[in-house]
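Dumped target22.cif below, it's mmCIF, C-alpha atoms:
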data_model
loop_
_atom_site.label_atom_id
_atom_site.label_comp_id
_atom_site.auth_asym_id
_atom_site.auth_seq_id
_atom_site.Cartn_x
_atom_site.Cartn_y
_atom_site.Cartn_z
CA MET A 737 0.00 0.00 0.00
CA LEU A 738 1.42 3.32 -1.05
CA HIS A 739 -1.34 5.15 0.72
CA THR A 740 0.31 6.20 3.96
CA GLN A 741 -1.61 7.69 6.85
CA ALA A 742 1.35 9.28 8.59
CA VAL A 743 0.87 12.05 11.11
CA PHE A 744 4.26 13.56 11.89
CA SER A 745 3.70 16.02 14.67
CA LEU A 746 1.27 18.33 16.38
CA ILE A 747 1.74 21.85 17.70
CA ILE A 748 -0.81 23.86 19.64
CA ILE A 749 -0.45 27.64 19.82
CA ASN A 750 -2.47 29.73 22.26
CA LYS A 751 -4.21 32.93 21.23
CA ALA A 752 -1.23 35.08 22.22
CA GLY A 753 1.11 33.15 19.94
CA GLY A 754 2.78 31.07 22.64
CA LEU A 755 3.58 27.41 22.18
CA ILE A 756 1.50 25.34 24.59
CA TYR A 757 1.87 21.84 23.22
CA GLN A 758 4.27 20.02 20.95
CA ARG A 759 4.47 16.35 20.27
CA GLU A 760 6.01 14.10 17.63
CA PHE A 761 4.33 10.91 16.53
CA GLN A 762 6.99 9.54 14.22
CA ALA A 763 10.51 8.46 15.00
CA GLY A 764 13.34 9.92 12.99
CA LEU A 765 12.10 13.46 12.65
CA ARG A 766 14.72 16.16 12.76
CA LYS A 767 14.92 17.42 16.30
CA LEU A 768 14.39 21.06 17.08
CA SER A 769 15.31 22.62 20.37
CA THR A 770 12.55 23.84 22.65
CA ASN A 771 13.57 27.39 21.87
CA ASP A 772 13.27 26.75 18.14
CA TYR A 773 9.78 25.42 18.64
CA LEU A 774 8.83 28.54 20.56
CA VAL A 775 10.23 30.68 17.74
CA LEU A 776 8.41 28.57 15.17
CA ALA A 777 5.12 29.00 17.02
CA GLY A 778 5.58 32.76 17.38
CA THR A 779 6.61 33.16 13.76
CA PHE A 780 3.68 31.13 12.51
CA HIS A 781 1.34 33.17 14.65
CA GLY A 782 2.66 36.37 13.02
CA VAL A 783 2.54 34.97 9.51
CA HIS A 784 -0.99 33.77 10.09
CA ALA A 785 -2.05 37.24 11.20
CA ILE A 786 -0.42 38.76 8.10
CA THR A 787 -2.09 36.31 5.73
CA ARG A 788 -5.39 37.19 7.30
CA SER A 789 -4.93 40.92 6.84
CA ILE A 790 -3.75 40.65 3.23
CA THR A 791 -6.78 38.63 2.18
CA PRO A 792 -7.78 40.47 -0.99
CA LYS A 793 -11.11 42.21 -1.26
CA ILE A 794 -12.85 42.36 -4.57
CA PRO A 795 -14.72 45.45 -5.77
CA LEU A 796 -18.47 45.22 -5.71
CA ALA A 797 -20.19 45.11 -9.05
CA PRO A 798 -20.85 48.74 -10.21
CA THR A 799 -24.43 47.96 -11.24
CA THR A 800 -25.46 47.32 -7.65
CA ASN A 801 -23.60 50.38 -6.43
CA SER A 802 -24.62 53.13 -8.88
CA PRO A 803 -28.32 53.49 -8.11
CA ALA A 804 -27.68 53.82 -4.40
CA ALA A 805 -24.87 56.35 -4.83
CA SER A 806 -26.72 59.49 -5.72
CA PRO A 807 -24.53 62.45 -6.79
CA GLY A 808 -25.01 64.24 -3.47
CA THR A 809 -23.68 61.49 -1.17
CA SER A 810 -20.19 60.32 -1.99
CA THR A 811 -19.88 56.79 -0.69
CA PRO A 812 -16.55 56.00 0.98
CA ALA A 813 -14.25 53.98 -1.24
CA ALA A 814 -13.75 51.21 1.31
CA SER A 815 -17.38 50.17 1.37
CA SER A 816 -17.39 49.33 -2.32
CA TYR A 817 -14.97 46.46 -1.68
CA SER A 818 -15.85 43.29 0.05
CA TYR A 819 -14.50 39.83 0.75
CA PRO A 820 -15.40 37.22 -1.82
CA ASN A 821 -17.62 35.44 0.65
CA PRO A 822 -18.93 38.02 3.14
CA GLY A 823 -20.64 35.45 5.35
CA ALA A 824 -17.50 33.51 6.18
CA SER A 825 -14.86 35.01 8.44
CA VAL A 826 -11.39 35.56 7.03
CA SER A 827 -9.44 32.46 7.90
CA GLY A 828 -5.90 33.32 6.90
CA LEU A 829 -3.44 30.56 6.21
CA ASP A 830 -5.18 27.20 6.09
CA TYR A 831 -2.50 24.85 4.86
CA LEU A 832 0.98 24.88 3.53
CA GLU A 833 2.22 22.10 1.32
CA SER A 834 5.62 20.88 0.25
CA ASP A 835 6.53 17.65 -1.46
CA LYS A 836 7.57 16.10 1.85
CA PHE A 837 4.92 17.28 4.23
CA ARG A 838 1.71 19.17 4.59
CA LEU A 839 1.07 21.64 7.39
CA THR A 840 -2.60 22.09 8.21
CA CYS A 841 -3.69 24.91 10.48
CA PHE A 842 -6.97 24.77 12.32
CA GLN A 843 -8.04 27.78 14.31
CA THR A 844 -10.74 27.50 16.94
CA LEU A 845 -13.27 30.26 17.54
CA THR A 846 -11.32 31.34 20.59
CA GLY A 847 -8.09 31.77 18.66
CA THR A 848 -6.21 28.63 19.64
CA LYS A 849 -4.36 27.17 16.66
CA PHE A 850 -3.69 23.51 15.98
CA LEU A 851 -0.87 22.83 13.53
CA LEU A 852 -0.71 19.32 12.20
CA PHE A 853 2.23 18.10 10.15
CA THR A 854 1.26 15.16 7.99
CA ASP A 855 2.42 13.26 4.98
CA PRO A 856 1.17 15.05 1.83
CA MET A 857 -0.62 11.85 0.81
CA THR A 858 -2.64 11.66 4.02
CA GLY A 859 -6.32 12.01 3.40
CA ASN A 860 -9.01 13.29 5.73
CA VAL A 861 -6.77 15.64 7.67
CA GLU A 862 -9.91 17.55 8.60
CA THR A 863 -11.25 14.53 10.49
CA ILE A 864 -7.97 14.03 12.32
CA ILE A 865 -7.82 17.66 13.38
CA ASN A 866 -11.43 17.67 14.50
CA LYS A 867 -10.81 14.60 16.63
CA ILE A 868 -7.75 16.24 18.16
CA TYR A 869 -9.87 19.29 18.94
CA ASP A 870 -12.43 16.95 20.55
CA LEU A 871 -9.78 15.39 22.73
CA TYR A 872 -8.41 18.83 23.62
CA ALA A 873 -11.87 20.04 24.62
CA ASP A 874 -12.38 16.93 26.74
CA TYR A 875 -9.09 16.19 28.41
CA VAL A 876 -7.53 19.65 28.58
CA MET A 877 -10.38 22.08 28.98
CA LYS A 878 -12.32 19.92 31.44
CA ASN A 879 -9.29 19.35 33.61
CA PRO A 880 -9.46 21.51 36.75
CA PHE A 881 -5.68 21.50 37.04
CA TYR A 882 -5.10 23.05 33.64
CA GLN A 883 -4.51 26.79 33.65
CA LEU A 884 -5.78 28.57 30.56
CA GLU A 885 -3.16 29.68 28.04
CA MET A 886 -0.44 27.76 29.85
CA PRO A 887 1.50 24.78 28.49
CA VAL A 888 -0.60 21.62 28.31
CA ARG A 889 0.60 18.96 30.71
CA CYS A 890 -2.32 16.60 30.88
CA GLU A 891 -1.47 12.95 31.07
CA ALA A 892 -4.95 11.84 29.98
CA PHE A 893 -4.75 14.02 26.84
CA ASP A 894 -1.36 12.53 25.90
CA ARG A 895 -2.65 9.04 26.49
CA HIS A 896 -5.87 9.37 24.51
CA LEU A 897 -4.21 11.25 21.67
CA GLY A 898 -1.53 8.61 21.32
CA ALA A 899 -3.99 5.75 21.54
CA TRP A 900 -6.32 7.27 18.96
CA LEU A 901 -3.58 8.01 16.44
CA ARG A 902 -2.10 4.54 16.91
CA GLY A 903 -5.51 3.01 16.37
CA ARG A 904 -5.92 4.81 13.06
CA THR A 905 -2.81 3.54 11.32
CA MET B 829 -51.49 8.68 44.35
CA ALA B 830 -49.70 11.18 46.48
CA ALA B 831 -49.41 14.48 44.68
CA PRO B 832 -45.85 15.69 44.33
CA PRO B 833 -45.22 19.11 45.84
CA ARG B 834 -46.60 21.64 43.43
CA HIS B 835 -44.18 24.21 42.42
CA SER B 836 -46.73 26.99 42.47
CA SER B 837 -47.22 26.66 46.20
CA MET B 838 -43.60 27.53 46.77
CA MET B 839 -43.82 30.86 45.05
CA ALA B 840 -44.78 33.82 47.15
CA THR B 841 -46.29 35.66 44.20
CA ASN B 842 -48.97 33.01 43.85
CA ALA B 843 -50.32 33.36 47.38
CA GLY B 844 -53.23 35.47 46.18
CA ALA B 845 -54.19 33.18 43.31
CA PRO B 846 -57.65 31.66 43.74
CA GLN B 847 -57.77 27.96 44.61
CA SER B 848 -59.40 26.30 41.64
CA GLY B 849 -59.18 23.20 39.46
CA ALA B 850 -55.97 22.02 37.90
CA ASN B 851 -56.85 23.37 34.47
CA ASP B 852 -57.69 26.73 35.87
CA ARG B 853 -54.61 26.89 37.96
CA GLN B 854 -52.37 26.42 34.99
CA GLN B 855 -53.85 29.46 33.36
CA VAL B 856 -53.63 31.51 36.51
CA THR B 857 -49.99 30.75 37.10
CA GLN B 858 -49.15 31.53 33.54
CA GLN B 859 -50.85 34.86 33.79
CA SER B 860 -49.27 35.75 37.06
CA LEU B 861 -45.86 34.67 35.84
CA THR B 862 -45.70 36.67 32.67
CA PRO B 863 -45.59 40.17 34.16
CA GLN B 864 -42.64 39.47 36.46
CA PRO B 865 -40.34 37.05 34.62
CA THR B 866 -37.31 37.94 36.71
CA GLN B 867 -38.77 36.85 40.05
CA GLY B 868 -38.41 33.48 41.68
CA LEU B 869 -37.24 30.28 40.06
CA ARG B 870 -37.41 29.77 36.35
CA VAL B 871 -40.34 27.51 35.49
CA PRO B 872 -40.41 25.63 32.20
CA SER B 873 -43.43 26.30 30.01
CA ASN B 874 -44.83 22.78 30.52
CA ARG B 875 -44.47 23.23 34.32
CA LYS B 876 -42.45 20.04 34.67
CA THR B 877 -39.96 21.22 37.23
CA ILE B 878 -37.78 18.85 39.17
CA TYR B 879 -40.35 19.05 42.00
CA ASP B 880 -43.16 17.88 39.74
CA ARG B 881 -41.34 14.80 38.60
CA HIS B 882 -42.01 11.53 40.34
CA LEU B 883 -39.13 10.49 42.56
CA ASN B 884 -39.20 7.01 41.15
CA ARG B 885 -38.82 8.12 37.58
CA SER B 886 -35.14 7.44 37.04
CA ARG B 887 -35.30 6.76 33.34
CA ASN B 888 -34.13 9.65 31.13
CA ALA B 889 -33.13 11.49 34.28
CA GLU B 890 -29.44 11.33 33.52
CA SER B 891 -27.47 14.52 33.32
CA SER B 892 -24.92 15.28 30.68
CA ARG B 893 -21.44 13.97 31.30
CA ALA B 894 -19.85 17.15 29.97
CA SER B 895 -21.81 19.45 32.26
CA PHE B 896 -21.00 17.20 35.19
CA ALA B 897 -17.31 17.33 34.21
CA TYR B 898 -17.36 21.14 34.19
CA LEU B 899 -19.25 21.29 37.47
CA PHE B 900 -16.94 18.83 39.16
CA GLY B 901 -13.92 20.67 37.76
CA GLU B 902 -15.18 23.86 39.37
CA MET B 903 -15.78 22.01 42.64
CA VAL B 904 -12.17 20.84 42.62
CA THR B 905 -10.94 24.34 41.81
CA TYR B 906 -13.10 25.73 44.61
CA ALA B 907 -11.80 23.16 47.10
CA GLN B 908 -8.27 24.00 46.03
CA ARG B 909 -8.49 27.56 47.31
CA ARG B 910 -6.47 28.21 50.44
CA VAL B 911 -5.71 24.56 51.09
CA THR B 912 -2.53 23.64 52.91
CA GLY B 913 -1.82 20.36 51.17
CA ILE B 914 -3.09 17.36 49.31
CA GLN B 915 -4.65 15.81 52.42
CA ASP B 916 -6.48 19.02 53.17
CA LEU B 917 -7.78 19.13 49.59
CA GLU B 918 -8.97 15.52 49.78
CA LYS B 919 -10.65 16.26 53.10
CA ARG B 920 -12.55 19.13 51.54
CA LEU B 921 -13.67 17.01 48.58
CA ASN B 922 -14.72 14.35 51.06
CA GLU B 923 -16.78 16.90 52.99
CA GLN B 924 -18.49 17.98 49.78
CA GLY B 925 -19.59 14.42 49.11
CA TYR B 926 -20.66 13.50 52.65
CA PRO B 927 -24.05 15.30 52.77
CA LEU B 928 -24.80 13.95 49.32
CA GLY B 929 -24.37 10.40 50.65
CA LEU B 930 -26.72 11.01 53.56
CA ARG B 931 -29.43 12.24 51.20
CA LEU B 932 -28.84 9.66 48.48
CA LEU B 933 -29.45 6.94 51.04
CA ASP B 934 -33.05 8.05 51.51
CA LEU B 935 -33.65 8.16 47.78
CA LEU B 936 -32.05 4.76 47.38
CA PHE B 937 -34.30 3.17 50.00
CA TYR B 938 -37.37 4.90 48.63
CA ARG B 939 -36.66 3.63 45.14
CA SER B 940 -35.71 0.10 46.15
CA THR B 941 -38.84 -0.43 48.33
CA SER B 942 -41.27 0.75 45.70
CA THR B 943 -39.72 -1.24 42.89
CA SER B 944 -39.21 -4.48 44.81
CA SER B 945 -42.75 -4.54 46.17
CA SER B 946 -44.96 -3.69 43.24
CA ALA B 947 -48.06 -4.42 45.31
CA LEU B 948 -47.49 -1.34 47.38
CA SER B 949 -51.04 -0.08 47.07
CA SER B 950 -52.72 -3.36 48.04
CA SER B 951 -50.91 -3.96 51.31
CA SER B 952 -48.96 -0.91 52.17
CA THR B 953 -47.26 -1.83 55.42
CA SER B 954 -46.53 -5.53 55.38
CA SER B 955 -45.26 -5.99 51.84
CA SER B 956 -42.16 -3.81 52.11
CA PRO B 957 -39.59 -5.56 54.29
CA PRO B 958 -37.21 -3.47 56.32
CA ASN B 959 -34.31 -3.22 53.91
CA ARG B 960 -31.96 -1.13 55.98
CA PRO B 961 -28.70 -3.07 56.08
CA LEU B 962 -27.79 -4.39 59.51
CA ARG B 963 -24.63 -6.29 58.66
CA ILE B 964 -21.47 -4.91 57.07
CA ILE B 965 -21.65 -7.20 54.05
CA THR B 966 -25.21 -6.17 53.18
CA LEU B 967 -24.22 -2.53 53.47
CA LEU B 968 -21.19 -3.00 51.23
CA HIS B 969 -23.30 -4.83 48.67
CA LEU B 970 -25.74 -1.94 48.75
CA ILE B 971 -22.87 0.45 47.99
CA HIS B 972 -21.23 -1.79 45.42
CA GLY B 973 -24.46 -2.43 43.52
CA PRO B 974 -27.47 -0.11 43.87
CA LEU B 975 -25.60 3.01 44.98
CA TRP B 976 -23.03 2.70 42.19
CA ARG B 977 -25.80 2.09 39.65
CA LEU B 978 -27.70 5.11 40.89
CA LEU B 979 -24.62 7.31 40.55
CA PHE B 980 -22.75 5.86 37.59
CA GLN B 981 -25.21 3.43 35.96
CA ARG B 982 -23.01 0.41 36.54
CA SER B 983 -21.81 -1.63 39.50
CA ALA B 984 -18.41 -1.14 41.04
CA ASP B 985 -15.74 -3.51 39.79
CA ALA B 986 -14.63 -5.31 42.94
CA LEU B 987 -15.40 -5.66 46.62
CA GLU B 988 -12.73 -7.12 48.90
CA HIS B 989 -12.05 -7.67 52.56
CA SER B 990 -8.63 -6.87 53.95
CA VAL B 991 -6.51 -10.02 54.11
CA SER B 992 -4.35 -8.70 56.93
CA PRO B 993 -5.42 -10.04 60.37
CA ASP B 994 -4.46 -6.69 61.96
CA THR B 995 -7.11 -4.80 60.09
CA PRO B 996 -10.31 -6.84 59.98
CA ASN B 997 -12.30 -3.59 59.81
CA GLU B 998 -10.97 -2.62 56.37
CA TYR B 999 -12.87 -3.27 53.16
CA MET B 1000 -11.97 -2.23 49.64
CA ILE B 1001 -14.30 -1.21 46.83
CA THR B 1002 -12.59 -0.91 43.46
CA ASP B 1003 -13.64 1.17 40.49
CA ASN B 1004 -11.54 0.65 37.37
CA ASP B 1005 -12.45 3.92 35.76
CA PRO B 1006 -14.20 6.36 38.09
CA LEU B 1007 -16.51 8.72 36.26
CA VAL B 1008 -15.38 11.71 38.28
CA ASN B 1009 -11.78 11.24 37.18
CA THR B 1010 -12.50 10.73 33.48
CA TYR B 1011 -11.23 14.12 32.34
CA ILE B 1012 -8.91 14.89 35.22
CA SER B 1013 -5.14 14.64 34.91
CA VAL B 1014 -3.48 15.28 38.21
CA PRO B 1015 -0.16 17.14 37.88
CA ARG B 1016 2.93 15.15 38.73
CA GLU B 1017 3.77 17.12 41.87
CA MET B 1018 0.37 16.17 43.33
CA SER B 1019 0.46 12.53 42.23
CA MET B 1020 -0.92 11.34 45.58
CA LEU B 1021 -4.16 13.22 45.04
CA ASN B 1022 -7.24 11.40 43.88
CA CYS B 1023 -10.28 13.55 43.19
CA ALA B 1024 -12.52 10.54 43.78
CA ALA B 1025 -12.20 11.58 47.43
CA PHE B 1026 -15.54 13.18 46.61
CA VAL B 1027 -17.03 9.73 45.94
CA ALA B 1028 -15.35 8.48 49.11
CA GLY B 1029 -17.26 11.22 50.92
CA ILE B 1030 -20.51 9.98 49.40
CA ILE B 1031 -19.76 6.43 50.59
CA GLU B 1032 -18.93 7.76 54.04
CA GLY B 1033 -22.26 9.57 54.11
CA VAL B 1034 -24.12 6.40 53.15
CA CYS B 1035 -22.30 4.36 55.82
CA ASP B 1036 -22.94 6.95 58.51
CA GLY B 1037 -26.55 7.30 57.43
CA CYS B 1038 -27.02 3.55 57.95
CA GLY B 1039 -25.47 3.77 61.40
CA PHE B 1040 -22.10 2.36 60.44
CA GLU B 1041 -19.47 4.78 61.60
CA ALA B 1042 -16.69 4.67 58.98
CA LYS B 1043 -13.84 6.56 57.40
CA VAL B 1044 -13.49 6.22 53.65
CA SER B 1045 -10.56 7.30 51.52
CA ALA B 1046 -9.72 7.03 47.82
CA HIS B 1047 -6.38 5.69 46.60
CA ASN B 1048 -4.77 5.47 43.18
CA GLN B 1049 -3.93 1.95 42.11
CA PRO B 1050 -3.23 2.29 38.39
CA THR B 1051 -2.72 -0.77 36.24
CA GLU B 1052 -1.53 -1.03 32.67
CA MET B 1053 -5.06 -1.39 31.41
CA TRP B 1054 -6.82 0.94 33.84
CA PRO B 1055 -4.65 4.02 34.43
CA SER B 1056 -7.19 5.70 36.70
CA ARG B 1057 -8.15 2.63 38.76
CA THR B 1058 -9.21 3.72 42.21
CA VAL B 1059 -9.60 1.78 45.43
CA PHE B 1060 -11.97 3.10 48.09
CA LEU B 1061 -10.76 1.99 51.48
CA VAL B 1062 -13.61 1.70 53.99
CA ARG B 1063 -12.49 1.60 57.62
CA PHE B 1064 -15.27 0.82 60.06
CA GLY B 1065 -15.11 2.08 63.64
CA ASP B 1066 -14.62 -0.15 66.68
CA SER B 1067 -18.24 0.15 67.80
CA VAL B 1068 -19.37 -1.19 64.43
CA MET B 1069 -17.05 -4.17 64.69
CA GLU B 1070 -18.27 -5.00 68.20
CA ARG B 1071 -21.89 -4.82 67.10
CA GLU B 1072 -21.04 -6.97 64.08
CA LYS B 1073 -19.76 -9.71 66.42
CA VAL B 1074 -22.93 -9.62 68.51
CA LEU B 1075 -25.13 -9.76 65.43
CA GLU B 1076 -23.14 -12.68 64.05
CA ARG B 1077 -23.59 -14.62 67.28
CA ASN B 1078 -27.34 -13.97 67.21
CA GLY B 1079 -27.56 -15.00 63.62
CA VAL B 1080 -28.96 -11.71 62.31
CA LYS B 1081 -28.73 -11.46 58.56
#

I'd like the structure from this file rewritten - as C-alpha cells, please.
Amino acid sequence: MLHTQAVFSLIIINKAGGLIYQREFQAGLRKLSTNDYLVLAGTFHGVHAITRSITPKIPLAPTTNSPAASPGTSTPAASSYSYPNPGASVSGLDYLESDKFRLTCFQTLTGTKFLLFTDPMTGNVETIINKIYDLYADYVMKNPFYQLEMPVRCEAFDRHLGAWLRGRT
Amino acid sequence: MAAPPRHSSMMATNAGAPQSGANDRQQVTQQSLTPQPTQGLRVPSNRKTIYDRHLNRSRNAESSRASFAYLFGEMVTYAQRRVTGIQDLEKRLNEQGYPLGLRLLDLLFYRSTSTSSSALSSSSTSSSPPNRPLRIITLLHLIHGPLWRLLFQRSADALEHSVSPDTPNEYMITDNDPLVNTYISVPREMSMLNCAAFVAGIIEGVCDGCGFEAKVSAHNQPTEMWPSRTVFLVRFGDSVMEREKVLERNGVK
C-alpha cells in the first residue's frame, strides 16, 4: 500500500502566539530545540495574522452600487470592496504544502491554533484535526488542574491522543 | 397517588391566586408569571420542574457527562483555594460528598422499596420488608451495587475484605475507571491526590446514614489497562465491629 496515513507532529499555539503543546508521533524526525519550537510558534502566529490581513477584497459590481450612490452622497471607497464570501470570516493561512509534508492549520473560535504536520498523501486531515480538537476540549479544557493559556501537561490528553492516532494507522 | 409538591405553592407571588381546578390553575400561574419574569425560580413552560417529577422516575433522568465534568472541575478548583496540602484538599472534597451520601441513602431506600414490592397499594405496610442493612456485608453490597448504579449506571468492579489479620475492619471497593476522574489529569507534583475523594465522601455519608461509623478514603492503584483505577478503602469504627460480632452470634442477617 502506497497510501500512507502518517501524522508527523502536532503543535498547539495559544491565542497570544505562545507554544502550549508540541508532540512528535513519528521516529526519525529532525529534532528542534525547545527554543526553536517557541520561535516557530511565534513566527507562525505572526505569519498567520499577516495572511489574514492581506486577504484580498474584490470590488463590488458597479451595477449594484450606482443606483444607491446618488450624486449628493459620496460613498466611501472602502465600502465598495468586500470579501469574496462576506458570510465567512477571514481564515488566513489554512495549509501549507511541500513535497515532503503538509502543514494544516486549524483555528478555533477562541483563537487557539492547531498545527498538524502530515504526509502530503494523508487524506481526511480535517477529520484528524477535528478529533484532536475533541480530545483537547475533553481532556484539557475539562481538567481543573489546567490553567488557561499555559503549556498543556495533561497525562490523559497525551494518552488518549496517542492511543487514537495509533488506532488509526 | 400522592401528589408531588406543586411548584406553584412555593412561590410567594402566587399566594393570592384563587384555589381552583388544575386546568384553571395552569392558566392563573401563567398569567401571574408573565408580568414578572425575573422573580423566583425559572419555570419551564410545561411546568415540569424537578419538584413535579415523580421520585421514582429514574429513566431519562441522567445529566450530561460534559456538564458534570465542568461542574466537578469547578468544585475541585473551589476546594483548592487556600488549602494547605493534598490531604487538606482531599478532606474538603470528602466533605463535599458526605451530605450527598446522607441524602442519596433516603432516595435509594425509597426507590428500592417501591420497585421491589410492586403491590405497594394493596398492602402498604406488610409488603415492604425493612431493607436497611444491619450487617457490614449487606451494606457494602448496597454500595457496590445499587448506589453505584444510581450514581454511575453500573456496578463497582470489585469488593474485597482486607486479608491482613491486623485490620479486619478494612474493606476495599474498586472502580476501574471512576466517572469523576474521566477528564482529570493530576499534575505530577500532586500525584498522591485522587479527586474521587468526593465519591469516598458519598460512601462515608451512606455508611454513617445507615449507622455504620466509617472513614473512607480514595487511593490510586493504576494498572496497565486501567490508568485511573481507584480503590476506596472503607475503615469501620470499633463500635461497628463490636456490634457486628454480637449480630453474628445472634444469627442476624

Looking at B:Pro927, B:Gly1065, B:Pro1006, B:Pro996, which one is nearest to B:Pro1050, with distances taken over only C-alpha atoms? B:Pro1006

Which polymer residues have any atom within 9 Å of an atom of A:Ala785, counting only C-alpha atoms, with same-chain residues fewer than 4 positions away left out, as a ChimeraX atom specification? /A:780-781,789-790,828-829

Using the chain letters and numbers from this file, what does the PyMOL selection byres ((chain B) within 10 of (chain A)) select? Give the answer as a ChimeraX atom specification. /B:894-906,908,1009-1016,1055-1056

Residues from the last selection, C-alpha atoms, saved as an mmCIF file, keeping the file's coordinate frame:
data_model
loop_
_atom_site.group_PDB
_atom_site.id
_atom_site.type_symbol
_atom_site.label_atom_id
_atom_site.label_comp_id
_atom_site.auth_asym_id
_atom_site.auth_seq_id
_atom_site.Cartn_x
_atom_site.Cartn_y
_atom_site.Cartn_z
ATOM 1 C CA ALA B 894 -19.850 17.150 29.970
ATOM 2 C CA SER B 895 -21.810 19.450 32.260
ATOM 3 C CA PHE B 896 -21.000 17.200 35.190
ATOM 4 C CA ALA B 897 -17.310 17.330 34.210
ATOM 5 C CA TYR B 898 -17.360 21.140 34.190
ATOM 6 C CA LEU B 899 -19.250 21.290 37.470
ATOM 7 C CA PHE B 900 -16.940 18.830 39.160
ATOM 8 C CA GLY B 901 -13.920 20.670 37.760
ATOM 9 C CA GLU B 902 -15.180 23.860 39.370
ATOM 10 C CA MET B 903 -15.780 22.010 42.640
ATOM 11 C CA VAL B 904 -12.170 20.840 42.620
ATOM 12 C CA THR B 905 -10.940 24.340 41.810
ATOM 13 C CA TYR B 906 -13.100 25.730 44.610
ATOM 14 C CA GLN B 908 -8.270 24.000 46.030
ATOM 15 C CA ASN B 1009 -11.780 11.240 37.180
ATOM 16 C CA THR B 1010 -12.500 10.730 33.480
ATOM 17 C CA TYR B 1011 -11.230 14.120 32.340
ATOM 18 C CA ILE B 1012 -8.910 14.890 35.220
ATOM 19 C CA SER B 1013 -5.140 14.640 34.910
ATOM 20 C CA VAL B 1014 -3.480 15.280 38.210
ATOM 21 C CA PRO B 1015 -0.160 17.140 37.880
ATOM 22 C CA ARG B 1016 2.930 15.150 38.730
ATOM 23 C CA PRO B 1055 -4.650 4.020 34.430
ATOM 24 C CA SER B 1056 -7.190 5.700 36.700
#

Please write the residues picked by the PyMOL selection byres ((chain A and resi 745-751) around 6) on this file as an MDAnalysis selection string. chainID A and resid 744 752:761 847:853 885

Hey, can you pull every residue with an atom no more than 12 Å from (-8.6, 15.0, 50.6), using all atoms listed in the file, and send it as a short mmCIF file (atom, residue, chain, number, x, y, z; two decimals) with C-alpha atoms, in the frame of the given file?
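Generated output (point_6.cif):
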data_model
loop_
_atom_site.label_atom_id
_atom_site.label_comp_id
_atom_site.auth_asym_id
_atom_site.auth_seq_id
_atom_site.Cartn_x
_atom_site.Cartn_y
_atom_site.Cartn_z
CA VAL B 904 -12.17 20.84 42.62
CA ALA B 907 -11.80 23.16 47.10
CA GLN B 908 -8.27 24.00 46.03
CA VAL B 911 -5.71 24.56 51.09
CA THR B 912 -2.53 23.64 52.91
CA GLY B 913 -1.82 20.36 51.17
CA ILE B 914 -3.09 17.36 49.31
CA GLN B 915 -4.65 15.81 52.42
CA ASP B 916 -6.48 19.02 53.17
CA LEU B 917 -7.78 19.13 49.59
CA GLU B 918 -8.97 15.52 49.78
CA LYS B 919 -10.65 16.26 53.10
CA ARG B 920 -12.55 19.13 51.54
CA LEU B 921 -13.67 17.01 48.58
CA ASN B 922 -14.72 14.35 51.06
CA GLU B 923 -16.78 16.90 52.99
CA GLN B 924 -18.49 17.98 49.78
CA GLY B 925 -19.59 14.42 49.11
CA MET B 1018 0.37 16.17 43.33
CA MET B 1020 -0.92 11.34 45.58
CA LEU B 1021 -4.16 13.22 45.04
CA ASN B 1022 -7.24 11.40 43.88
CA CYS B 1023 -10.28 13.55 43.19
CA ALA B 1024 -12.52 10.54 43.78
CA ALA B 1025 -12.20 11.58 47.43
CA PHE B 1026 -15.54 13.18 46.61
CA VAL B 1027 -17.03 9.73 45.94
CA ALA B 1028 -15.35 8.48 49.11
CA GLY B 1029 -17.26 11.22 50.92
CA VAL B 1044 -13.49 6.22 53.65
CA SER B 1045 -10.56 7.30 51.52
CA ALA B 1046 -9.72 7.03 47.82
CA HIS B 1047 -6.38 5.69 46.60
#

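From atom CA of B:Leu978 back to atom CA of B:Val1059, the distance works out to 19.0 Å.
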
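Counting from atom CA of B:Pro974, the distance to atom CA of B:Thr1002 is 14.9 Å.
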
B:Leu932 surroundings by all atoms listed in the file, 8 Å radius, close-in-sequence under 4 positions cut, as a PyMOL selection string: chain B and resi 928+936+1034

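Here the PyMOL selection byres ((chain A and resi 791) around 9) captures the residues Ile786, Thr787, Arg788, Ser789, Ile790, Pro792, Lys793, Tyr819, Val826, Ser827 and Gly828 of chain A.
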
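Rounded to one decimal, atom CA of A:Thr846 and atom CA of A:Met886 lie 14.7 Å from each other.
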
Set the distance at 12 Å and use only C-alpha atoms: which residues neighbour A:Pro820 once local chain neighbours fewer than 2 positions away are removed? I'd like the list as a PyMOL selection string. chain A and resi 791-797+817-818+822-826
